[in-house]
>>> print(open('work_23.pdb').read())   # PDB, C-alpha atoms
ATOM      1  CA  MET F   1     -17.270  14.636 -11.838  1.00  0.00           C
ATOM      2  CA  LYS F   2     -18.568  11.485 -10.275  1.00  0.00           C
ATOM      3  CA  ASP F   3     -21.546  11.084  -7.990  1.00  0.00           C
ATOM      4  CA  GLN F   4     -23.380  13.777  -9.884  1.00  0.00           C
ATOM      5  CA  ASN F   5     -26.582  11.811  -9.409  1.00  0.00           C
ATOM      6  CA  ALA F   6     -26.101  11.287  -5.686  1.00  0.00           C
ATOM      7  CA  GLY F   7     -29.133  12.554  -3.872  1.00  0.00           C
ATOM      8  CA  LEU F   8     -31.059  13.196  -7.079  1.00  0.00           C
ATOM      9  CA  ILE F   9     -32.359   9.742  -7.914  1.00  0.00           C
ATOM     10  CA  SER F  10     -35.975   9.464  -6.851  1.00  0.00           C
ATOM     11  CA  ASN F  11     -38.028   6.312  -6.592  1.00  0.00           C
ATOM     12  CA  PRO F  12     -41.613   6.032  -7.841  1.00  0.00           C
ATOM     13  CA  GLN F  13     -42.933   6.972  -4.423  1.00  0.00           C
ATOM     14  CA  GLY F  14     -41.048  10.216  -4.614  1.00  0.00           C
ATOM     15  CA  SER F  15     -38.691   9.771  -1.668  1.00  0.00           C
ATOM     16  CA  GLN F  16     -35.049  10.515  -2.363  1.00  0.00           C
ATOM     17  CA  VAL F  17     -32.044   8.278  -1.852  1.00  0.00           C
ATOM     18  CA  GLU F  18     -30.768  10.606   0.829  1.00  0.00           C
ATOM     19  CA  ASP F  19     -33.553   9.206   2.980  1.00  0.00           C
ATOM     20  CA  ASN F  20     -31.899   5.808   2.807  1.00  0.00           C
ATOM     21  CA  ASN F  21     -29.081   4.561   4.964  1.00  0.00           C
ATOM     22  CA  SER F  22     -27.032   2.867   2.281  1.00  0.00           C
ATOM     23  CA  VAL F  23     -28.818   2.530  -1.059  1.00  0.00           C
ATOM     24  CA  GLY F  24     -27.555   5.085  -3.537  1.00  0.00           C
ATOM     25  CA  LYS F  25     -24.851   6.291  -1.198  1.00  0.00           C
ATOM     26  CA  SER F  26     -21.110   5.954  -1.304  1.00  0.00           C
ATOM     27  CA  VAL F  27     -20.055   3.765   1.607  1.00  0.00           C
ATOM     28  CA  ARG F  28     -16.512   3.183   2.745  1.00  0.00           C
ATOM     29  CA  ARG F  29     -15.398  -0.415   3.002  1.00  0.00           C
ATOM     30  CA  ILE F  30     -15.356  -1.501   6.613  1.00  0.00           C
ATOM     31  CA  ASP F  31     -11.753  -2.717   6.291  1.00  0.00           C
ATOM     32  CA  ALA F  32     -10.478   0.094   4.097  1.00  0.00           C
ATOM     33  CA  VAL F  33      -8.879   2.272   6.772  1.00  0.00           C
ATOM     34  CA  PRO F  34      -6.601  -0.506   8.079  1.00  0.00           C
ATOM     35  CA  LYS F  35      -5.718  -1.348   4.475  1.00  0.00           C
ATOM     36  CA  VAL F  36      -4.921   2.186   3.367  1.00  0.00           C
ATOM     37  CA  THR F  37      -2.743   2.804   6.417  1.00  0.00           C
ATOM     38  CA  GLY F  38      -0.824  -0.458   6.085  1.00  0.00           C
ATOM     39  CA  ARG F  39      -2.146  -1.760   9.382  1.00  0.00           C
ATOM     40  CA  ALA F  40      -4.277  -4.583   7.994  1.00  0.00           C
ATOM     41  CA  VAL F  41      -2.620  -7.896   8.826  1.00  0.00           C
ATOM     42  CA  TYR F  42      -2.521 -10.409   6.001  1.00  0.00           C
ATOM     43  CA  SER F  43      -1.496 -14.014   6.559  1.00  0.00           C
ATOM     44  CA  GLY F  44       1.923 -13.257   5.123  1.00  0.00           C
ATOM     45  CA  ASP F  45       2.381 -10.522   7.719  1.00  0.00           C
ATOM     46  CA  LEU F  46       1.909 -12.806  10.696  1.00  0.00           C
ATOM     47  CA  HIS F  47       4.994 -13.630  12.665  1.00  0.00           C
ATOM     48  CA  MET F  48       5.181 -15.898  15.680  1.00  0.00           C
ATOM     49  CA  PRO F  49       8.197 -17.073  17.688  1.00  0.00           C
ATOM     50  CA  ASP F  50       9.564 -20.336  16.287  1.00  0.00           C
ATOM     51  CA  MET F  51       6.931 -20.258  13.597  1.00  0.00           C
ATOM     52  CA  LEU F  52       6.787 -23.227  11.261  1.00  0.00           C
ATOM     53  CA  VAL F  53       6.677 -22.218   7.617  1.00  0.00           C
ATOM     54  CA  GLY F  54       5.136 -24.469   5.016  1.00  0.00           C
ATOM     55  CA  LYS F  55       5.961 -24.320   1.338  1.00  0.00           C
ATOM     56  CA  VAL F  56       4.456 -26.026  -1.671  1.00  0.00           C
ATOM     57  CA  LEU F  57       6.862 -28.000  -3.822  1.00  0.00           C
ATOM     58  CA  LEU F  58       5.259 -28.796  -7.150  1.00  0.00           C
ATOM     59  CA  SER F  59       6.421 -31.514  -9.470  1.00  0.00           C
ATOM     60  CA  SER F  60       8.605 -30.408 -12.315  1.00  0.00           C
ATOM     61  CA  GLN F  61       7.011 -33.078 -14.503  1.00  0.00           C
ATOM     62  CA  PRO F  62       3.335 -33.302 -15.437  1.00  0.00           C
ATOM     63  CA  LEU F  63       1.249 -36.414 -14.784  1.00  0.00           C
ATOM     64  CA  ARG F  64       3.927 -38.179 -12.773  1.00  0.00           C
ATOM     65  CA  ILE F  65       3.451 -39.992  -9.511  1.00  0.00           C
ATOM     66  CA  ASN F  66       5.782 -39.284  -6.607  1.00  0.00           C
ATOM     67  CA  GLN F  67       7.170 -42.581  -5.421  1.00  0.00           C
ATOM     68  CA  SER F  68       9.380 -41.182  -2.708  1.00  0.00           C
ATOM     69  CA  ILE F  69      10.393 -37.853  -1.205  1.00  0.00           C
ATOM     70  CA  ASP F  70      13.856 -37.151   0.166  1.00  0.00           C
ATOM     71  CA  ILE F  71      14.116 -33.765   1.859  1.00  0.00           C
TER      72      ILE F  71
ATOM     73  CA  MET Z   1      24.235 -18.571   4.527  1.00  0.00           C
ATOM     74  CA  LYS Z   2      26.953 -16.822   6.440  1.00  0.00           C
ATOM     75  CA  ASP Z   3      25.847 -15.629   9.848  1.00  0.00           C
ATOM     76  CA  ASN Z   4      28.808 -13.352  10.346  1.00  0.00           C
ATOM     77  CA  ASN Z   5      27.639 -10.864   7.734  1.00  0.00           C
ATOM     78  CA  LEU Z   6      26.376  -8.354  10.274  1.00  0.00           C
ATOM     79  CA  ILE Z   7      25.970  -4.711   9.392  1.00  0.00           C
ATOM     80  CA  ASN Z   8      24.951  -1.628  11.291  1.00  0.00           C
ATOM     81  CA  MET Z   9      21.772  -0.210   9.794  1.00  0.00           C
ATOM     82  CA  THR Z  10      21.701   3.447  10.770  1.00  0.00           C
ATOM     83  CA  LEU Z  11      19.025   5.441   9.045  1.00  0.00           C
ATOM     84  CA  LYS Z  12      15.757   7.282   9.495  1.00  0.00           C
ATOM     85  CA  VAL Z  13      12.542   5.321   9.104  1.00  0.00           C
ATOM     86  CA  ASN Z  14       9.297   7.284   9.124  1.00  0.00           C
ATOM     87  CA  GLY Z  15      11.077  10.187  10.798  1.00  0.00           C
ATOM     88  CA  GLN Z  16      12.567   8.111  13.600  1.00  0.00           C
ATOM     89  CA  ASP Z  17      16.228   7.352  13.997  1.00  0.00           C
ATOM     90  CA  VAL Z  18      16.955   3.655  13.688  1.00  0.00           C
ATOM     91  CA  SER Z  19      20.242   1.985  14.476  1.00  0.00           C
ATOM     92  CA  MET Z  20      20.461  -1.770  14.661  1.00  0.00           C
ATOM     93  CA  VAL Z  21      22.932  -4.513  13.916  1.00  0.00           C
ATOM     94  CA  VAL Z  22      21.336  -7.018  11.582  1.00  0.00           C
ATOM     95  CA  LYS Z  23      22.264  -9.536   8.952  1.00  0.00           C
ATOM     96  CA  GLY Z  24      23.307  -7.733   5.794  1.00  0.00           C
ATOM     97  CA  GLY Z  25      23.124  -8.683   2.163  1.00  0.00           C
ATOM     98  CA  ARG Z  26      19.367  -8.699   2.069  1.00  0.00           C
ATOM     99  CA  ARG Z  27      16.756  -6.501   0.444  1.00  0.00           C
ATOM    100  CA  LEU Z  28      15.319  -3.315   1.905  1.00  0.00           C
ATOM    101  CA  ILE Z  29      11.893  -4.981   2.112  1.00  0.00           C
ATOM    102  CA  ASP Z  30      13.370  -7.750   4.302  1.00  0.00           C
ATOM    103  CA  PHE Z  31      14.817  -5.164   6.670  1.00  0.00           C
ATOM    104  CA  LEU Z  32      11.518  -3.281   6.862  1.00  0.00           C
ATOM    105  CA  ARG Z  33       9.243  -6.302   7.236  1.00  0.00           C
ATOM    106  CA  ASP Z  34      11.378  -8.828   9.111  1.00  0.00           C
ATOM    107  CA  ASP Z  35      13.591  -6.621  11.280  1.00  0.00           C
ATOM    108  CA  LEU Z  36      11.374  -3.587  11.892  1.00  0.00           C
ATOM    109  CA  HIS Z  37       8.059  -5.502  11.541  1.00  0.00           C
ATOM    110  CA  LEU Z  38       6.676  -2.796   9.277  1.00  0.00           C
ATOM    111  CA  THR Z  39       4.476  -5.183   7.342  1.00  0.00           C
ATOM    112  CA  GLY Z  40       2.438  -2.485   5.624  1.00  0.00           C
ATOM    113  CA  THR Z  41       4.960  -2.657   2.787  1.00  0.00           C
ATOM    114  CA  LYS Z  42       3.805  -5.648   0.748  1.00  0.00           C
ATOM    115  CA  GLU Z  43       5.821  -8.052  -1.338  1.00  0.00           C
ATOM    116  CA  GLY Z  44       3.766  -8.863  -4.390  1.00  0.00           C
ATOM    117  CA  CYS Z  45       6.130 -10.324  -6.935  1.00  0.00           C
ATOM    118  CA  GLY Z  46       9.607  -9.808  -5.529  1.00  0.00           C
ATOM    119  CA  GLU Z  47      10.993  -8.933  -8.922  1.00  0.00           C
ATOM    120  CA  GLY Z  48      10.067  -5.313  -9.536  1.00  0.00           C
ATOM    121  CA  GLU Z  49       6.975  -5.905 -11.630  1.00  0.00           C
ATOM    122  CA  CYS Z  50       4.109  -5.033  -9.334  1.00  0.00           C
ATOM    123  CA  GLY Z  51       5.091  -1.991  -7.259  1.00  0.00           C
ATOM    124  CA  SER Z  52       3.374  -3.112  -4.068  1.00  0.00           C
ATOM    125  CA  CYS Z  53       6.656  -2.731  -2.143  1.00  0.00           C
ATOM    126  CA  THR Z  54       7.104   0.922  -3.161  1.00  0.00           C
ATOM    127  CA  VAL Z  55       8.608   3.102  -0.418  1.00  0.00           C
ATOM    128  CA  LEU Z  56      10.154   6.556  -0.448  1.00  0.00           C
ATOM    129  CA  LEU Z  57      13.946   6.669  -0.128  1.00  0.00           C
ATOM    130  CA  ASP Z  58      15.044  10.267   0.367  1.00  0.00           C
ATOM    131  CA  ASP Z  59      11.733  11.401  -1.193  1.00  0.00           C
ATOM    132  CA  HIS Z  60      12.111   9.229  -4.293  1.00  0.00           C
ATOM    133  CA  SER Z  61       9.984   6.147  -4.779  1.00  0.00           C
ATOM    134  CA  VAL Z  62      11.946   2.925  -4.947  1.00  0.00           C
ATOM    135  CA  LEU Z  63      11.001  -0.730  -5.042  1.00  0.00           C
ATOM    136  CA  ALA Z  64      12.015  -2.183  -1.708  1.00  0.00           C
ATOM    137  CA  CYS Z  65      12.294  -5.652  -3.260  1.00  0.00           C
ATOM    138  CA  LEU Z  66      15.016  -4.493  -5.652  1.00  0.00           C
ATOM    139  CA  THR Z  67      16.866  -2.168  -3.286  1.00  0.00           C
ATOM    140  CA  PRO Z  68      19.728  -3.611  -1.248  1.00  0.00           C
ATOM    141  CA  MET Z  69      19.229  -2.745   2.405  1.00  0.00           C
ATOM    142  CA  GLU Z  70      22.696  -1.218   2.586  1.00  0.00           C
ATOM    143  CA  ARG Z  71      21.574   1.375   0.051  1.00  0.00           C
ATOM    144  CA  ALA Z  72      19.315   2.909   2.722  1.00  0.00           C
ATOM    145  CA  ILE Z  73      22.062   3.489   5.291  1.00  0.00           C
ATOM    146  CA  GLY Z  74      22.171   7.187   6.143  1.00  0.00           C
ATOM    147  CA  CYS Z  75      18.993   7.830   4.173  1.00  0.00           C
ATOM    148  CA  SER Z  76      15.434   8.627   5.138  1.00  0.00           C
ATOM    149  CA  VAL Z  77      12.889   5.923   4.369  1.00  0.00           C
ATOM    150  CA  VAL Z  78       9.141   6.527   4.456  1.00  0.00           C
ATOM    151  CA  THR Z  79       6.758   3.575   4.405  1.00  0.00           C
ATOM    152  CA  ILE Z  80       2.977   3.469   4.451  1.00  0.00           C
ATOM    153  CA  GLU Z  81       3.108   3.409   8.263  1.00  0.00           C
ATOM    154  CA  GLY Z  82       4.686   6.874   8.165  1.00  0.00           C
ATOM    155  CA  VAL Z  83       2.132   8.430   5.829  1.00  0.00           C
ATOM    156  CA  GLY Z  84      -0.994   8.705   7.937  1.00  0.00           C
ATOM    157  CA  THR Z  85      -2.752   7.200  10.891  1.00  0.00           C
ATOM    158  CA  PRO Z  86      -6.381   6.041  11.017  1.00  0.00           C
ATOM    159  CA  THR Z  87      -7.340   9.286  12.755  1.00  0.00           C
ATOM    160  CA  ASN Z  88      -5.046  11.529  10.710  1.00  0.00           C
ATOM    161  CA  LEU Z  89      -5.092  10.277   7.148  1.00  0.00           C
ATOM    162  CA  HIS Z  90      -3.131  11.727   4.247  1.00  0.00           C
ATOM    163  CA  PRO Z  91      -5.358  13.325   1.557  1.00  0.00           C
ATOM    164  CA  VAL Z  92      -4.386  10.543  -0.850  1.00  0.00           C
ATOM    165  CA  GLN Z  93      -5.629   7.978   1.651  1.00  0.00           C
ATOM    166  CA  VAL Z  94      -8.905   9.842   2.230  1.00  0.00           C
ATOM    167  CA  ALA Z  95      -9.480  10.139  -1.507  1.00  0.00           C
ATOM    168  CA  LEU Z  96      -8.834   6.445  -2.161  1.00  0.00           C
ATOM    169  CA  LEU Z  97     -11.238   5.561   0.647  1.00  0.00           C
ATOM    170  CA  ASP Z  98     -13.998   7.827  -0.591  1.00  0.00           C
ATOM    171  CA  GLU Z  99     -13.618   6.870  -4.249  1.00  0.00           C
ATOM    172  CA  GLY Z 100     -13.628   3.154  -3.523  1.00  0.00           C
ATOM    173  CA  GLY Z 101     -10.107   2.765  -4.836  1.00  0.00           C
ATOM    174  CA  ILE Z 102      -9.355   0.054  -2.293  1.00  0.00           C
ATOM    175  CA  GLN Z 103     -10.459  -3.519  -2.654  1.00  0.00           C
ATOM    176  CA  CYS Z 104      -8.194  -6.335  -1.540  1.00  0.00           C
ATOM    177  CA  GLY Z 105      -5.650  -3.769  -0.393  1.00  0.00           C
ATOM    178  CA  MET Z 106      -2.519  -5.551  -1.533  1.00  0.00           C
ATOM    179  CA  CYS Z 107      -1.491  -2.842  -3.998  1.00  0.00           C
ATOM    180  CA  THR Z 108      -2.758   0.004  -1.824  1.00  0.00           C
ATOM    181  CA  PRO Z 109       0.357   0.825   0.232  1.00  0.00           C
ATOM    182  CA  GLY Z 110       2.554   0.982  -2.871  1.00  0.00           C
ATOM    183  CA  MET Z 111      -0.111   2.867  -4.769  1.00  0.00           C
ATOM    184  CA  VAL Z 112      -0.327   5.479  -1.998  1.00  0.00           C
ATOM    185  CA  MET Z 113       3.455   5.930  -1.972  1.00  0.00           C
ATOM    186  CA  SER Z 114       3.616   6.368  -5.764  1.00  0.00           C
ATOM    187  CA  ALA Z 115       0.714   8.814  -5.667  1.00  0.00           C
ATOM    188  CA  ILE Z 116       2.399  10.853  -2.945  1.00  0.00           C
ATOM    189  CA  GLU Z 117       5.632  11.052  -4.899  1.00  0.00           C
ATOM    190  CA  LEU Z 118       3.688  12.072  -7.993  1.00  0.00           C
ATOM    191  CA  LEU Z 119       1.785  14.825  -6.195  1.00  0.00           C
ATOM    192  CA  ASN Z 120       4.915  16.088  -4.450  1.00  0.00           C
ATOM    193  CA  ASN Z 121       6.505  16.636  -7.842  1.00  0.00           C
ATOM    194  CA  ASN Z 122       3.382  17.599  -9.759  1.00  0.00           C
ATOM    195  CA  PRO Z 123       0.567  19.124  -7.687  1.00  0.00           C
ATOM    196  CA  ASP Z 124      -1.816  19.346 -10.639  1.00  0.00           C
ATOM    197  CA  PRO Z 125      -1.326  16.257 -12.794  1.00  0.00           C
ATOM    198  CA  SER Z 126      -3.403  15.433 -15.848  1.00  0.00           C
ATOM    199  CA  VAL Z 127      -5.072  12.037 -16.104  1.00  0.00           C
ATOM    200  CA  GLU Z 128      -2.262  10.944 -18.416  1.00  0.00           C
ATOM    201  CA  GLU Z 129       0.332  12.065 -15.875  1.00  0.00           C
ATOM    202  CA  ILE Z 130      -1.488  10.196 -13.102  1.00  0.00           C
ATOM    203  CA  ILE Z 131      -1.563   7.053 -15.236  1.00  0.00           C
ATOM    204  CA  GLU Z 132       2.150   7.429 -15.874  1.00  0.00           C
ATOM    205  CA  GLY Z 133       2.786   8.112 -12.184  1.00  0.00           C
ATOM    206  CA  ILE Z 134       1.186   4.843 -11.101  1.00  0.00           C
ATOM    207  CA  SER Z 135       2.298   2.861 -14.139  1.00  0.00           C
ATOM    208  CA  GLY Z 136       4.685   0.870 -11.953  1.00  0.00           C
ATOM    209  CA  ASN Z 137       1.906  -0.266  -9.636  1.00  0.00           C
ATOM    210  CA  LEU Z 138      -0.300  -3.170 -10.637  1.00  0.00           C
ATOM    211  CA  CYS Z 139      -3.834  -3.509  -9.284  1.00  0.00           C
ATOM    212  CA  ARG Z 140      -5.883  -6.594 -10.089  1.00  0.00           C
ATOM    213  CA  CYS Z 141      -9.106  -5.470  -8.401  1.00  0.00           C
ATOM    214  CA  THR Z 142     -10.136  -1.958  -9.254  1.00  0.00           C
ATOM    215  CA  GLY Z 143      -9.426  -1.510 -12.933  1.00  0.00           C
ATOM    216  CA  TYR Z 144      -7.533   1.666 -11.904  1.00  0.00           C
ATOM    217  CA  LYS Z 145     -10.339   4.133 -12.633  1.00  0.00           C
ATOM    218  CA  LYS Z 146     -11.272   4.707  -9.026  1.00  0.00           C
ATOM    219  CA  ILE Z 147      -7.639   5.014  -8.081  1.00  0.00           C
ATOM    220  CA  ILE Z 148      -7.149   7.634 -10.789  1.00  0.00           C
ATOM    221  CA  TYR Z 149     -10.263   9.532  -9.664  1.00  0.00           C
ATOM    222  CA  GLY Z 150      -8.988   9.346  -6.110  1.00  0.00           C
ATOM    223  CA  ILE Z 151      -5.600  10.796  -6.997  1.00  0.00           C
ATOM    224  CA  GLN Z 152      -7.328  13.589  -8.933  1.00  0.00           C
ATOM    225  CA  ASN Z 153      -9.422  14.405  -5.874  1.00  0.00           C
ATOM    226  CA  ALA Z 154      -6.383  14.198  -3.614  1.00  0.00           C
ATOM    227  CA  ALA Z 155      -4.488  16.624  -5.857  1.00  0.00           C
ATOM    228  CA  GLN Z 156      -7.346  19.068  -5.676  1.00  0.00           C
ATOM    229  CA  GLU Z 157      -7.624  18.660  -1.921  1.00  0.00           C
ATOM    230  CA  MET Z 158      -3.890  19.191  -1.429  1.00  0.00           C
ATOM    231  CA  ARG Z 159      -3.943  22.387  -3.523  1.00  0.00           C
ATOM    232  CA  ASN Z 160      -7.109  23.772  -1.936  1.00  0.00           C
ATOM    233  CA  PRO Z 161      -7.831  22.068   1.377  1.00  0.00           C
ATOM    234  CA  THR Z 162     -11.492  22.081   2.310  1.00  0.00           C
ATOM    235  CA  GLN Z 163     -12.905  22.175   5.788  1.00  0.00           C
ATOM    236  CA  SER Z 164     -14.991  19.115   5.056  1.00  0.00           C
ATOM    237  CA  ALA Z 165     -11.990  16.843   4.712  1.00  0.00           C
ATOM    238  CA  GLN Z 166     -12.952  13.775   6.680  1.00  0.00           C
ATOM    239  CA  PRO Z 167     -10.477  12.073   8.927  1.00  0.00           C
ATOM    240  CA  GLY Z 168     -10.766   8.310   9.259  1.00  0.00           C
ATOM    241  CA  LYS Z 169     -14.183   7.292  10.408  1.00  0.00           C
ATOM    242  CA  GLU Z 170     -13.412   3.767  11.443  1.00  0.00           C
ATOM    243  CA  SER Z 171     -11.040   3.068  14.260  1.00  0.00           C
ATOM    244  CA  GLU Z 172      -8.019   0.876  13.905  1.00  0.00           C
ATOM    245  CA  LYS Z 173      -9.001  -2.728  14.105  1.00  0.00           C
TER     246      LYS Z 173
END
>>> encode(input="work_23.pdb", output="structure tokens")
Amino acid sequence: MKDQNAGLISNPQGSQVEDNNSVGKSVRRIDAVPKVTGRAVYSGDLHMPDMLVGKVLLSSQPLRINQSIDI
Amino acid sequence: MKDNNLINMTLKVNGQDVSMVVKGGRRLIDFLRDDLHLTGTKEGCGEGECGSCTVLLDDHSVLACLTPMERAIGCSVVTIEGVGTPTNLHPVQVALLDEGGIQCGMCTPGMVMSAIELLNNNPDPSVEEIIEGISGNLCRCTGYKKIIYGIQNAAQEMRNPTQSAQPGKESEK
């Protein structure tokens, strides 16, 4: 299994990693609970009334210069 | 686009009865995200490659980007919002948290849904069966190993629940 060394690694001074707050320990990401429950809001999840939406329109031709745009 | 294409969406979503008149002819993911504002279901590719939009439709995993919304009428849909809450997480969610199987989080909702379907059908999967179970879900961050370890741990936890199972430590942001 994993983490078999957790708590067993000792430093030269003889103290064990379990004395530390973070080093050598498995720490949950601070944003992991919202992510794993689907509650984290990504930019694509934002919705505002009358929101303007921008899109990128790339040229279909390489190395050309747009001389005019007609939407 | 025709605006007169209204349909009555009557179904169960995350255990709750839903009945609303909305524009039809769209995908299930559009209904979930745009009409119900359940944005936990992610659209990665929109063409069935990545699995991030996986939801359960009558206990079977489907890709919400390839499923017509009308297909869900009369059915029961479960999304990531219906799986666990920050204070009452599903064992799969706890295991992914503790194994570090979550990085950017874009694949996570779909990954959780696929893992739950796998474990519902196979409570003691081998590593190969886990890999097959999540083969429809792409993850660009983790390299899959921690997700696989997590699902192994979740399977064990679901077969033999321990007292030390930790609910969510962090509160909802």
>>> closest_residue(input="work_23.pdb", among="F:Leu63, F:Leu58, F:Thr37, F:Val53", to="chain Z", atoms="all atoms listed in the file")
F:Thr37
>>> closest_atom_pairs(input="work_23.pdb", of="chain F", to="chain Z", cutoff="10 Å", atoms="all atoms listed in the file", output="JSON lines")
{"residue": "F:Met1", "atom": "CA", "partner": "Z:Tyr149", "partner_atom": "CA", "distance": 8.9}
{"residue": "F:Lys2", "atom": "CA", "partner": "Z:Tyr149", "partner_atom": "CA", "distance": 8.6}
{"residue": "F:Asp3", "atom": "CA", "partner": "Z:Glu99", "partner_atom": "CA", "distance": 9.7}
{"residue": "F:Ser26", "atom": "CA", "partner": "Z:Asp98", "partner_atom": "CA", "distance": 7.4}
{"residue": "F:Val27", "atom": "CA", "partner": "Z:Asp98", "partner_atom": "CA", "distance": 7.6}
{"residue": "F:Arg28", "atom": "CA", "partner": "Z:Leu97", "partner_atom": "CA", "distance": 6.2}
{"residue": "F:Arg29", "atom": "CA", "partner": "Z:Gly100", "partner_atom": "CA", "distance": 7.6}
{"residue": "F:Ile30", "atom": "CA", "partner": "Z:Glu170", "partner_atom": "CA", "distance": 7.4}
{"residue": "F:Asp31", "atom": "CA", "partner": "Z:Lys173", "partner_atom": "CA", "distance": 8.3}
{"residue": "F:Ala32", "atom": "CA", "partner": "Z:Ile102", "partner_atom": "CA", "distance": 6.5}
{"residue": "F:Val33", "atom": "CA", "partner": "Z:Pro86", "partner_atom": "CA", "distance": 6.2}
{"residue": "F:Pro34", "atom": "CA", "partner": "Z:Glu172", "partner_atom": "CA", "distance": 6.2}
{"residue": "F:Lys35", "atom": "CA", "partner": "Z:Gly105", "partner_atom": "CA", "distance": 5.4}
{"residue": "F:Val36", "atom": "CA", "partner": "Z:Thr108", "partner_atom": "CA", "distance": 6.0}
{"residue": "F:Thr37", "atom": "CA", "partner": "Z:Ile80", "partner_atom": "CA", "distance": 6.1}
{"residue": "F:Gly38", "atom": "CA", "partner": "Z:Gly40", "partner_atom": "CA", "distance": 3.9}
{"residue": "F:Arg39", "atom": "CA", "partner": "Z:Gly40", "partner_atom": "CA", "distance": 6.0}
{"residue": "F:Ala40", "atom": "CA", "partner": "Z:Gly40", "partner_atom": "CA", "distance": 7.4}
{"residue": "F:Val41", "atom": "CA", "partner": "Z:Thr39", "partner_atom": "CA", "distance": 7.7}
{"residue": "F:Tyr42", "atom": "CA", "partner": "Z:Thr39", "partner_atom": "CA", "distance": 8.8}
{"residue": "F:Gly44", "atom": "CA", "partner": "Z:Thr39", "partner_atom": "CA", "distance": 8.8}
{"residue": "F:Asp45", "atom": "CA", "partner": "Z:Thr39", "partner_atom": "CA", "distance": 5.7}
{"residue": "F:Leu46", "atom": "CA", "partner": "Z:Thr39", "partner_atom": "CA", "distance": 8.7}
{"residue": "F:His47", "atom": "CA", "partner": "Z:Asp34", "partner_atom": "CA", "distance": 8.7}
>>> axis_aligned_box(input="work_23.pdb", around="stretch 62-70 of chain F", padding_each_side="5 Å", output="JSON")
{"center_x": 7.6, "center_y": -37.9, "center_z": -7.6, "size_x": 22.6, "size_y": 19.3, "size_z": 25.6}
>>> atom_distance(input="work_23.pdb", atom1="atom CA of Z:Glu49", atom2="atom CA of Z:Cys65")
9.9 Å
>>> resolve_selection(input="work_23.pdb", expression="the PyMOL selection byres ((chain Z and resi 136) around 7)", output="NGL selection string")
:Z and (50-51 or 134-135 or 137-138)
>>> atom_distance(input="work_23.pdb", atom1="atom CA of F:Ser22", atom2="atom CA of Z:Gln152")
25.1 Å
>>> resolve_selection(input="work_23.pdb", expression="the PyMOL selection byres ((chain Z and resi 59) around 9)", output="list in words")
Val55, Leu56, Leu57, Asp58, His60, Ser61, Ser76, Val77, Val78, Glu117 and Asn120 of chain Z
>>> closest_residue(input="work_23.pdb", among="Z:Val18, Z:Leu32, Z:Tyr144, Z:Thr67", to="Z:Glu47", atoms="only C-alpha atoms")
Z:Thr67
>>> atom_distance(input="work_23.pdb", atom1="atom CA of Z:Pro125", atom2="atom CA of Z:Glu157")
12.8 Å
>>> residues_around(input="work_23.pdb", residues="Z:Pro91", least_positions_apart="4", cutoff="8 Å", atoms="all atoms listed in the file", output="PDB file with C-alpha atoms, in the coordinates of the input")
ATOM      1  CA  ALA Z  95      -9.480  10.139  -1.507  1.00  0.00           C
ATOM      2  CA  ALA Z 154      -6.383  14.198  -3.614  1.00  0.00           C
ATOM      3  CA  GLU Z 157      -7.624  18.660  -1.921  1.00  0.00           C
ATOM      4  CA  MET Z 158      -3.890  19.191  -1.429  1.00  0.00           C
TER       5      MET Z 158
END
>>> resolve_selection(input="work_23.pdb", expression="the PyMOL selection byres ((chain Z and resi 17) around 12)", output="PyMOL selection string")
chain Z and resi 9-16+18-20+73-78
